[in-house]
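**Student:** Structure file entry.txt (compact mmCIF, C-alpha atoms and all ligand atoms) right here:
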# COMPACT_ATOMS: atom_id res chain seq x y z
CA MET O 188 65.19 61.21 -24.80
CA ASP O 189 62.01 59.65 -23.47
CA ASN O 190 59.86 58.58 -26.41
CA SER O 191 56.82 58.13 -24.18
CA ILE O 192 56.51 61.91 -24.37
CA LYS O 193 53.92 62.38 -27.09
CA PRO O 194 50.51 63.99 -27.62
CA ILE O 195 47.96 62.91 -25.01
CA VAL O 196 45.00 63.79 -27.20
CA LYS O 197 44.33 63.55 -30.92
CA TRP O 198 43.54 67.02 -32.21
CA VAL O 199 42.21 68.49 -35.43
CA GLY O 200 45.14 69.92 -37.37
CA GLY O 201 47.68 67.71 -35.58
CA LYS O 202 51.11 68.29 -36.99
CA ARG O 203 52.63 64.81 -36.85
CA GLN O 204 52.47 64.51 -40.65
CA ILE O 205 54.82 67.36 -41.42
CA ILE O 206 56.88 67.42 -38.27
CA SER O 207 60.18 66.61 -39.97
CA ASN O 208 59.66 69.60 -42.27
CA ILE O 209 58.83 71.86 -39.35
CA LYS O 210 61.87 70.70 -37.40
CA LYS O 211 64.19 71.67 -40.24
CA TYR O 212 63.26 75.30 -39.64
CA ILE O 213 63.31 75.42 -35.86
CA PRO O 214 66.33 77.43 -34.71
CA LYS O 215 69.10 75.52 -32.89
CA LYS O 216 69.21 78.04 -30.09
CA TYR O 217 66.49 80.01 -28.36
CA SER O 218 65.63 80.87 -24.78
CA THR O 219 61.92 80.07 -24.37
CA TYR O 220 59.75 78.16 -26.84
CA TYR O 221 56.25 79.65 -27.30
CA GLU O 222 53.31 77.81 -28.82
CA PRO O 223 50.21 80.07 -28.67
CA PHE O 224 47.90 77.57 -30.51
CA VAL O 225 49.16 74.37 -28.91
CA GLY O 226 46.24 72.00 -29.64
CA GLY O 227 47.51 68.42 -29.34
CA GLY O 228 51.07 69.72 -29.03
CA ALA O 229 52.67 67.45 -31.65
CA VAL O 230 55.55 69.86 -32.19
CA LEU O 231 56.03 70.68 -28.51
CA PHE O 232 56.22 67.02 -27.49
CA ASP O 233 58.53 66.19 -30.35
CA ILE O 234 61.12 68.91 -29.76
CA LYS O 235 60.78 68.88 -25.94
CA PRO O 236 62.19 72.36 -25.31
CA GLN O 237 63.92 73.09 -22.02
CA LYS O 238 61.69 76.05 -21.29
CA ALA O 239 58.29 76.80 -22.80
CA VAL O 240 55.04 78.75 -22.70
CA ILE O 241 52.05 76.98 -24.22
CA ASN O 242 48.58 78.37 -24.79
CA ASP O 243 45.23 77.57 -26.31
CA VAL O 244 41.88 79.30 -26.15
CA ASN O 245 40.15 75.96 -25.49
CA GLU O 246 39.42 75.76 -21.77
CA GLU O 247 38.92 72.01 -21.52
CA LEU O 248 42.15 71.26 -23.34
CA ILE O 249 44.17 73.64 -21.18
CA ASN O 250 42.58 72.33 -18.01
CA LEU O 251 43.70 68.85 -19.13
CA TYR O 252 47.32 70.00 -19.54
CA LYS O 253 47.28 71.70 -16.13
CA VAL O 254 45.91 68.57 -14.46
CA VAL O 255 48.45 66.36 -16.27
CA LYS O 256 51.19 68.66 -15.00
CA GLU O 257 50.00 69.03 -11.42
CA LYS O 258 47.87 65.97 -10.58
CA PRO O 259 48.81 63.09 -12.91
CA ASP O 260 48.10 60.32 -10.37
CA GLU O 261 44.64 61.68 -9.50
CA LEU O 262 43.88 61.91 -13.21
CA ILE O 263 44.98 58.31 -13.85
CA ASP O 264 42.86 57.07 -10.90
CA THR O 265 39.81 58.95 -12.20
CA LEU O 266 40.34 57.65 -15.75
CA LYS O 267 40.33 54.07 -14.44
CA LYS O 268 36.65 54.54 -13.51
CA HIS O 269 35.61 55.30 -17.09
CA LYS O 270 34.13 52.59 -19.34
CA ASN O 271 34.20 52.09 -23.11
CA GLU O 272 30.43 51.61 -23.40
CA GLN O 273 28.04 53.47 -25.65
CA GLU O 274 25.44 54.46 -23.09
CA TYR O 275 28.09 55.53 -20.59
CA TYR O 276 29.89 57.51 -23.32
CA TYR O 277 26.75 59.56 -24.06
CA GLN O 278 26.19 60.21 -20.35
CA ILE O 279 29.70 61.65 -20.04
CA ARG O 280 29.42 63.51 -23.33
CA GLU O 281 26.13 65.11 -22.28
CA LEU O 282 27.58 66.55 -19.06
CA ASP O 283 28.32 69.87 -20.75
CA ARG O 284 24.59 70.31 -21.61
CA ASP O 285 23.82 71.10 -17.97
CA LYS O 286 25.86 74.09 -16.84
CA GLU O 287 25.20 73.61 -13.14
CA LYS O 288 26.25 69.96 -13.23
CA PHE O 289 29.29 70.76 -15.34
CA ASP O 290 30.43 73.54 -13.01
CA SER O 291 30.22 71.17 -10.06
CA LEU O 292 32.85 68.85 -11.59
CA SER O 293 36.39 69.14 -10.21
CA ASP O 294 39.28 70.09 -12.49
CA VAL O 295 40.43 66.43 -12.43
CA GLU O 296 36.96 65.16 -13.38
CA ARG O 297 36.75 67.64 -16.26
CA ALA O 298 40.23 66.65 -17.48
CA ALA O 299 39.33 62.95 -17.28
CA ARG O 300 36.11 63.61 -19.20
CA ILE O 301 37.82 65.28 -22.14
CA HIS O 302 40.58 62.65 -22.20
CA PHE O 303 38.02 59.81 -22.05
CA LEU O 304 35.91 61.35 -24.84
CA ASN O 305 38.99 61.90 -26.98
CA LYS O 306 40.01 58.24 -26.66
CA THR O 307 36.56 56.75 -27.23
CA CYS O 308 34.83 59.10 -29.67
CA TYR O 309 34.47 58.55 -33.40
CA ASN O 310 37.73 59.37 -35.16
CA GLY O 311 39.22 60.42 -31.83
CA MET O 312 38.87 64.12 -32.55
CA PHE O 313 37.81 66.89 -30.25
CA ARG O 314 35.06 68.92 -31.87
CA VAL O 315 32.36 71.18 -30.48
CA ASN O 316 29.19 72.55 -32.08
CA SER O 317 28.31 76.23 -32.33
CA SER O 318 27.12 76.27 -28.71
CA GLY O 319 30.47 74.95 -27.55
CA GLU O 320 29.16 71.44 -26.82
CA PHE O 321 31.18 68.33 -27.56
CA ASN O 322 29.19 66.63 -30.32
CA VAL O 323 31.19 63.68 -31.66
CA PRO O 324 29.41 60.26 -31.68
CA PHE O 325 30.66 57.12 -29.92
CA GLY O 326 33.65 55.52 -31.68
CA ARG O 327 33.11 51.77 -31.06
CA TYR O 328 36.81 51.05 -30.60
CA LYS O 329 37.72 47.56 -29.34
CA ASN O 330 40.39 48.52 -26.88
CA PRO O 331 40.99 52.26 -26.54
CA ASP O 332 43.75 53.30 -24.13
CA ILE O 333 41.48 55.28 -21.83
CA VAL O 334 43.98 55.43 -18.95
CA ASN O 335 47.07 56.12 -21.06
CA LYS O 336 49.23 55.89 -17.92
CA LYS O 337 52.68 55.79 -19.50
CA THR O 338 52.11 58.85 -21.68
CA ILE O 339 50.41 60.88 -18.94
CA LYS O 340 53.27 60.15 -16.53
CA ALA O 341 55.94 60.99 -19.12
CA VAL O 342 54.22 64.18 -20.28
CA SER O 343 53.68 65.27 -16.67
CA LYS O 344 57.37 64.82 -15.92
CA PHE O 345 58.32 66.80 -19.01
CA LEU O 346 55.91 69.69 -18.25
CA ASN O 347 57.41 70.00 -14.76
CA LYS O 348 61.04 69.49 -15.68
CA SER O 349 60.87 72.07 -18.45
CA ASN O 350 58.83 74.38 -16.27
CA VAL O 351 56.22 74.71 -19.02
CA LYS O 352 53.90 77.66 -18.36
CA ILE O 353 50.35 76.87 -19.40
CA ARG O 354 48.06 79.71 -20.47
CA ASN O 355 44.42 79.85 -21.50
CA CYS O 356 43.90 83.07 -23.41
CA ASP O 357 43.93 84.67 -26.82
CA PHE O 358 47.11 84.23 -28.90
CA GLU O 359 48.07 87.92 -28.65
CA GLU O 360 47.91 87.84 -24.89
CA ALA O 361 49.87 84.56 -24.86
CA VAL O 362 53.07 86.18 -26.15
CA LYS O 363 52.93 89.23 -23.87
CA GLY O 364 56.28 89.84 -22.22
CA ILE O 365 58.16 87.71 -24.76
CA ARG O 366 61.92 88.32 -24.95
CA LYS O 367 64.02 88.80 -28.02
CA GLU O 368 65.86 85.47 -27.66
CA ALA O 369 62.61 83.49 -27.56
CA PHE O 370 61.12 81.58 -30.47
CA VAL O 371 57.43 81.27 -31.42
CA TYR O 372 55.74 78.52 -33.42
CA PHE O 373 52.23 79.51 -34.56
CA ASP O 374 49.83 76.81 -35.71
CA PRO O 375 46.52 78.68 -36.01
CA PRO O 376 43.29 77.28 -37.39
CA TYR O 377 43.96 77.21 -41.14
CA ASP O 378 42.54 79.49 -43.77
CA PRO O 379 39.99 77.24 -45.56
CA ILE O 380 41.01 76.02 -49.01
CA SER O 381 37.48 76.09 -50.33
CA ASP O 382 34.14 76.96 -48.81
CA SER O 383 33.14 73.30 -48.59
CA SER O 384 36.29 72.39 -46.70
CA SER O 385 35.73 75.22 -44.27
CA PHE O 386 36.10 73.74 -40.84
CA THR O 387 35.22 75.86 -37.88
CA GLY O 388 34.85 73.23 -35.21
CA TYR O 389 37.78 74.21 -32.97
CA ASP O 390 35.93 76.43 -30.60
CA LYS O 391 32.89 78.62 -30.28
CA SER O 392 34.85 81.64 -31.45
CA GLY O 393 35.76 80.58 -35.03
CA PHE O 394 38.80 81.98 -36.81
CA ASP O 395 38.05 84.02 -39.94
CA ARG O 396 40.21 86.15 -42.24
CA GLU O 397 40.05 89.11 -39.85
CA GLU O 398 41.61 86.81 -37.27
CA GLN O 399 44.29 85.76 -39.78
CA LYS O 400 45.09 89.46 -40.32
CA ARG O 401 45.24 90.09 -36.58
CA LEU O 402 47.76 87.23 -36.33
CA LYS O 403 49.81 88.68 -39.20
CA ASN O 404 49.90 92.05 -37.36
CA LEU O 405 51.24 90.29 -34.31
CA CYS O 406 53.91 88.63 -36.47
CA ASP O 407 54.90 92.09 -37.73
CA LYS O 408 55.22 93.34 -34.17
CA LEU O 409 57.37 90.37 -33.18
CA ASN O 410 59.48 90.83 -36.29
CA LYS O 411 60.10 94.50 -35.48
CA ARG O 412 61.28 93.50 -32.03
CA GLY O 413 63.62 90.87 -33.48
CA VAL O 414 61.71 87.85 -32.16
CA ARG O 415 61.87 84.82 -34.48
CA PHE O 416 58.62 83.17 -35.50
CA LEU O 417 57.61 80.18 -37.62
CA LEU O 418 54.00 79.81 -38.76
CA SER O 419 52.00 77.03 -40.43
CA ASN O 420 48.97 77.63 -42.59
CA SER O 421 47.29 76.39 -45.72
CA SER O 422 48.71 77.51 -49.04
CA THR O 423 45.87 79.79 -50.13
CA LYS O 424 46.35 82.91 -52.22
CA PHE O 425 45.16 84.96 -49.26
CA ILE O 426 47.80 83.54 -46.90
CA ARG O 427 50.65 83.71 -49.44
CA GLU O 428 49.83 87.37 -50.12
CA LEU O 429 49.38 88.20 -46.46
CA TYR O 430 52.87 86.93 -45.60
CA ASN O 431 54.45 88.26 -48.76
CA ASP O 432 57.23 90.04 -46.84
CA TYR O 433 58.47 86.85 -45.19
CA LYS O 434 60.12 83.60 -46.26
CA ILE O 435 57.50 81.11 -47.39
CA GLU O 436 58.26 77.38 -47.83
CA PRO O 437 55.69 75.05 -49.40
CA VAL O 438 55.22 71.66 -47.69
CA MET O 439 53.04 68.73 -48.69
CA ALA O 440 50.81 67.23 -46.02
CA LYS O 441 48.33 64.37 -45.90
CA ARG O 442 45.10 65.66 -44.48
CA ALA O 443 42.09 63.76 -43.29
CA ILE O 444 39.90 66.46 -41.81
CA ASN O 445 37.54 66.40 -44.76
CA SER O 446 34.74 63.90 -44.40
CA LYS O 447 34.71 63.08 -48.11
CA ALA O 448 37.16 60.23 -48.70
CA ASP O 449 38.32 61.54 -52.09
CA LYS O 450 39.44 64.78 -50.50
CA ARG O 451 41.88 63.03 -48.18
CA GLY O 452 44.84 63.35 -50.49
CA GLU O 453 47.95 65.46 -50.18
CA ILE O 454 47.51 69.17 -49.90
CA GLU O 455 50.00 71.99 -49.95
CA GLU O 456 50.65 73.92 -46.79
CA VAL O 457 53.09 76.72 -46.09
CA LEU O 458 55.68 77.43 -43.45
CA VAL O 459 56.33 81.15 -42.98
CA ARG O 460 59.35 82.48 -41.10
CA ASN O 461 61.26 85.70 -40.46
CA TYR O 462 64.84 84.37 -40.12
CA GLU O 463 67.46 82.45 -42.15
C1 LIG G 1 45.54 73.95 -35.86
S1 LIG G 1 45.07 73.76 -34.19
C2 LIG G 1 46.63 73.41 -33.50
C3 LIG G 1 47.09 72.01 -33.81
C4 LIG G 1 48.30 71.59 -33.01
N1 LIG G 1 49.51 72.28 -33.43
C5 LIG G 1 48.54 70.09 -33.02
O1 LIG G 1 49.61 69.64 -33.40
O2 LIG G 1 47.61 69.36 -32.61
C6 LIG G 1 44.64 75.38 -33.71
C7 LIG G 1 44.34 75.62 -32.25
O3 LIG G 1 44.12 77.02 -32.06
C8 LIG G 1 43.19 77.22 -31.01
N2 LIG G 1 42.66 78.61 -31.13
C9 LIG G 1 41.67 79.07 -31.93
N3 LIG G 1 41.52 80.41 -31.79
C10 LIG G 1 42.45 80.82 -30.89
C11 LIG G 1 42.82 82.09 -30.34
N4 LIG G 1 42.20 83.23 -30.70
N5 LIG G 1 43.85 82.12 -29.46
C12 LIG G 1 44.48 80.99 -29.08
N6 LIG G 1 44.18 79.75 -29.57
C13 LIG G 1 43.19 79.66 -30.47
C14 LIG G 1 42.19 76.10 -31.18
O4 LIG G 1 41.55 75.81 -29.95
C15 LIG G 1 43.09 74.94 -31.69
O5 LIG G 1 43.48 74.09 -30.64
Before we go any further, please render this structure as structure tokens.
Ligand SMILES: C[S@@+](CC[C@H](N)C(=O)[O-])C[C@H]1O[C@@H](n2cnc3c(N)ncnc32)[C@H](O)[C@@H]1O
**Tutor:**
Amino acid sequence: MDNSIKPIVKWVGGKRQIISNIKKYIPKKYSTYYEPFVGGGAVLFDIKPQKAVINDVNEELINLYKVVKEKPDELIDTLKKHKNEQEYYYQIRELDRDKEKFDSLSDVERAARIHFLNKTCYNGMFRVNSSGEFNVPFGRYKNPDIVNKKTIKAVSKFLNKSNVKIRNCDFEEAVKGIRKEAFVYFDPPYDPISDSSSFTGYDKSGFDREEQKRLKNLCDKLNKRGVRFLLSNSSTKFIRELYNDYKIEPVMAKRAINSKADKRGEIEEVLVRNYE
């Protein structure tokens, strides 16, 4: 297998930490792999399924995947024009403040922008403020891999070879038409462990407990139809009670999303599933 296939962007909630645990529970056989909250795609790019449907509500992220799939060479050429300089960084970052200017960018330019920002921003994390604007400061890296040619080429090849369908909608919509033999891995924004660790920077929409319940209802529907699902979340009382009827495995994960250094230790997460 090609080990150049790996996440193209660093994403909040990336699953690389606990991937070996997740893999233990992924069924050996399934028809299509579904990932309705794909984010950076750590699990997708690790297991490299032969057929897949991926989705995320984040438009810029999904546009990037589509461009990587369909126009990798144009993307690489456009990325070569970007520079790891502070003033330039803020010019590119600020593009989403002016709707007219932003709308005039091509899909390739938008994809290059988000990729460039992800490689050069502080901590390398995609984060938007409540108005949906990218608000991470310049990262001051010595030599960031802005062009990332090898990975973009490898990921592009994989997305085409495996005929990966790329959707940009809500998670419920993303599994419409799913067949019984398919398999779904859900990695939603996590239920916050405490109020202070509450992190709602994924998208304008936010993901509260009502959303967690809506996701659980979808899991129930899939379960009734005999579709297998695996779901990650934090190990809060709320989540453990919500998924009471299913198999729940605790896993330990190192997390660094909290800005306070002392809170970067190991925390317990859960893996929920509806099959043996
Ligand atoms: C925990 S992250 C996924 C992390 C990913 N598995 C990884 O390895 O990088 C959750 C993702 O859910 C997306 N999201 C939030 N609300 C959503 C919704 N209603 N439908 C679909 N995706 C949503 C966010 O944009 C974010 O990328």
**Student:** Counting all atoms listed in the file, figure out which residue out of O:Gln399, O:Asn404, O:Asn208, O:Asn461 gets nearest to ligand LIG 1 (chain G).
**Tutor:**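 When distances to ligand LIG 1 (chain G) are compared using all atoms listed in the file, the smallest one comes from O:Gln399.
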**Student:** Pick out the closest residue to ligand LIG 1 (chain G) from this set: O:Glu398, O:Glu368, O:Asp283, O:Glu455. Count all atoms listed in the file.
**Tutor:**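 Closest candidate: O:Glu398.
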**Student:** Do a neighbour search on region 266-274 of chain O at 12 Å with only C-alpha atoms, toss out local chain neighbours closer than 5 positions, and write the hits as an NGL selection string.
**Tutor:** :O and (255 or 259-261 or 279-281 or 295-309 or 324-336 or 339)
**Student:** Taking all atoms listed in the file and a cut-off of 8 Å, can you tell me which residues surround ligand LIG 1 (chain G), written as an MDAnalysis selection string?
**Tutor:** chainID O and resid 194 197:203 223:230 242:245 248 355:359 361 373:377 389:390 392:394 398
**Student:** Let me have the centre and edge lengths in Å, one decimal, of the box along x, y and z around every listed atom of region 316-332 of chain O with 6 Å of margin on each side, as lines of an AutoDock Vina configuration file.
**Tutor:**
center_x = 35.4
center_y = 61.9
center_z = -28.2
size_x = 28.6
size_y = 40.7
size_z = 20.2
**Student:** Which distance in Å separates CA of Asp407 (chain O) and CA of Ile213 (chain O), to one decimal?
**Tutor:**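 So the two atoms, CA of Asp407 (chain O) and CA of Ile213 (chain O), lie 18.8 Å apart.
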**Student:** Compute the distance from (65.1, 92.3, -23.8) to each atom, counting only C-alpha atoms, keep the residues with any atom at most 12 Å away, and return them as a ChimeraX atom specification; use the coordinates of the file.
**Tutor:** /O:218,364-369,412-414
**Student:** Using all atoms listed in the file, pick whichever of O:Lys235, O:Arg284, O:Arg427, O:Arg314 has the shortest atom-to-atom distance to Thr219 (chain O).
**Tutor:** O:Lys235
**Student:** Just to confirm, what's the straight-line distance from CA of Ile426 (chain O) to CA of Glu463 (chain O) in Å (one decimal)?
**Tutor:**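 Rounded to one decimal, the two atoms are 20.3 Å apart.
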**Student:** Rank nothing, just name the residue among O:Ile435, O:Leu429, O:Leu458, O:Val342 nearest to Lys403 (chain O), using all atoms listed in the file.
**Tutor:**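 Using all atoms listed in the file, the shortest distance to Lys403 (chain O) belongs to O:Leu429.
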**Student:** Here is a test: counting only C-alpha atoms, which residue of O:Lys210, O:Lys256, O:Val323, O:Arg396 is nearest to Ala341 (chain O)?
**Tutor:**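 Closest to Ala341 (chain O), using only C-alpha atoms: O:Lys256.
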**Student:** Pick out the closest residue to Pro379 (chain O) from this set: O:Gln278, O:Asp395, O:Phe321, O:Tyr212. Count all atoms listed in the file.
**Tutor:**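 That would be O:Asp395, the residue with the smallest distance to Pro379 (chain O).
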**Student:** So how many Å separate CA of Ile241 (chain O) and CA of Glu453 (chain O), to one decimal?
**Tutor:**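 Value for the CA of Ile241 (chain O)-CA of Glu453 (chain O) distance: 28.7 Å.
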**Student:** Please complete region 231-246 of chain O with N, CA and C atoms and give it back as a compact mmCIF listing (two decimals), in the coordinates of the input.
**Tutor:**
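The result, stored in out_34.txt:
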# COMPACT_ATOMS: atom_id res chain seq x y z
N LEU O 231 55.51 70.53 -29.87
CA LEU O 231 56.03 70.68 -28.51
C LEU O 231 56.59 69.37 -27.98
N PHE O 232 55.80 68.29 -28.08
CA PHE O 232 56.22 67.02 -27.49
C PHE O 232 57.30 66.34 -28.31
N ASP O 233 57.45 66.74 -29.54
CA ASP O 233 58.53 66.19 -30.35
C ASP O 233 59.85 66.89 -30.04
N ILE O 234 59.83 68.21 -29.97
CA ILE O 234 61.12 68.91 -29.76
C ILE O 234 61.49 69.02 -28.28
N LYS O 235 60.52 68.88 -27.39
CA LYS O 235 60.78 68.88 -25.94
C LYS O 235 61.73 70.01 -25.51
N PRO O 236 61.30 71.25 -25.67
CA PRO O 236 62.19 72.36 -25.31
C PRO O 236 62.48 72.40 -23.80
N GLN O 237 63.57 73.06 -23.45
CA GLN O 237 63.92 73.09 -22.02
C GLN O 237 63.13 74.11 -21.22
N LYS O 238 62.52 75.04 -21.95
CA LYS O 238 61.69 76.05 -21.29
C LYS O 238 60.60 76.42 -22.29
N ALA O 239 59.35 76.53 -21.83
CA ALA O 239 58.29 76.80 -22.80
C ALA O 239 57.08 77.48 -22.18
N VAL O 240 56.34 78.19 -23.05
CA VAL O 240 55.04 78.75 -22.70
C VAL O 240 54.06 78.19 -23.72
N ILE O 241 53.03 77.48 -23.26
CA ILE O 241 52.05 76.98 -24.22
C ILE O 241 50.69 77.60 -23.92
N ASN O 242 49.87 77.70 -24.94
CA ASN O 242 48.58 78.37 -24.79
C ASN O 242 47.57 77.79 -25.78
N ASP O 243 46.33 77.83 -25.38
CA ASP O 243 45.23 77.57 -26.31
C ASP O 243 44.00 78.24 -25.72
N VAL O 244 43.08 78.63 -26.60
CA VAL O 244 41.88 79.30 -26.15
C VAL O 244 40.88 78.28 -25.59
N ASN O 245 41.07 77.01 -25.92
CA ASN O 245 40.15 75.96 -25.49
C ASN O 245 40.34 75.60 -24.01
N GLU O 246 39.31 75.92 -23.22
CA GLU O 246 39.42 75.76 -21.77
C GLU O 246 39.60 74.32 -21.32
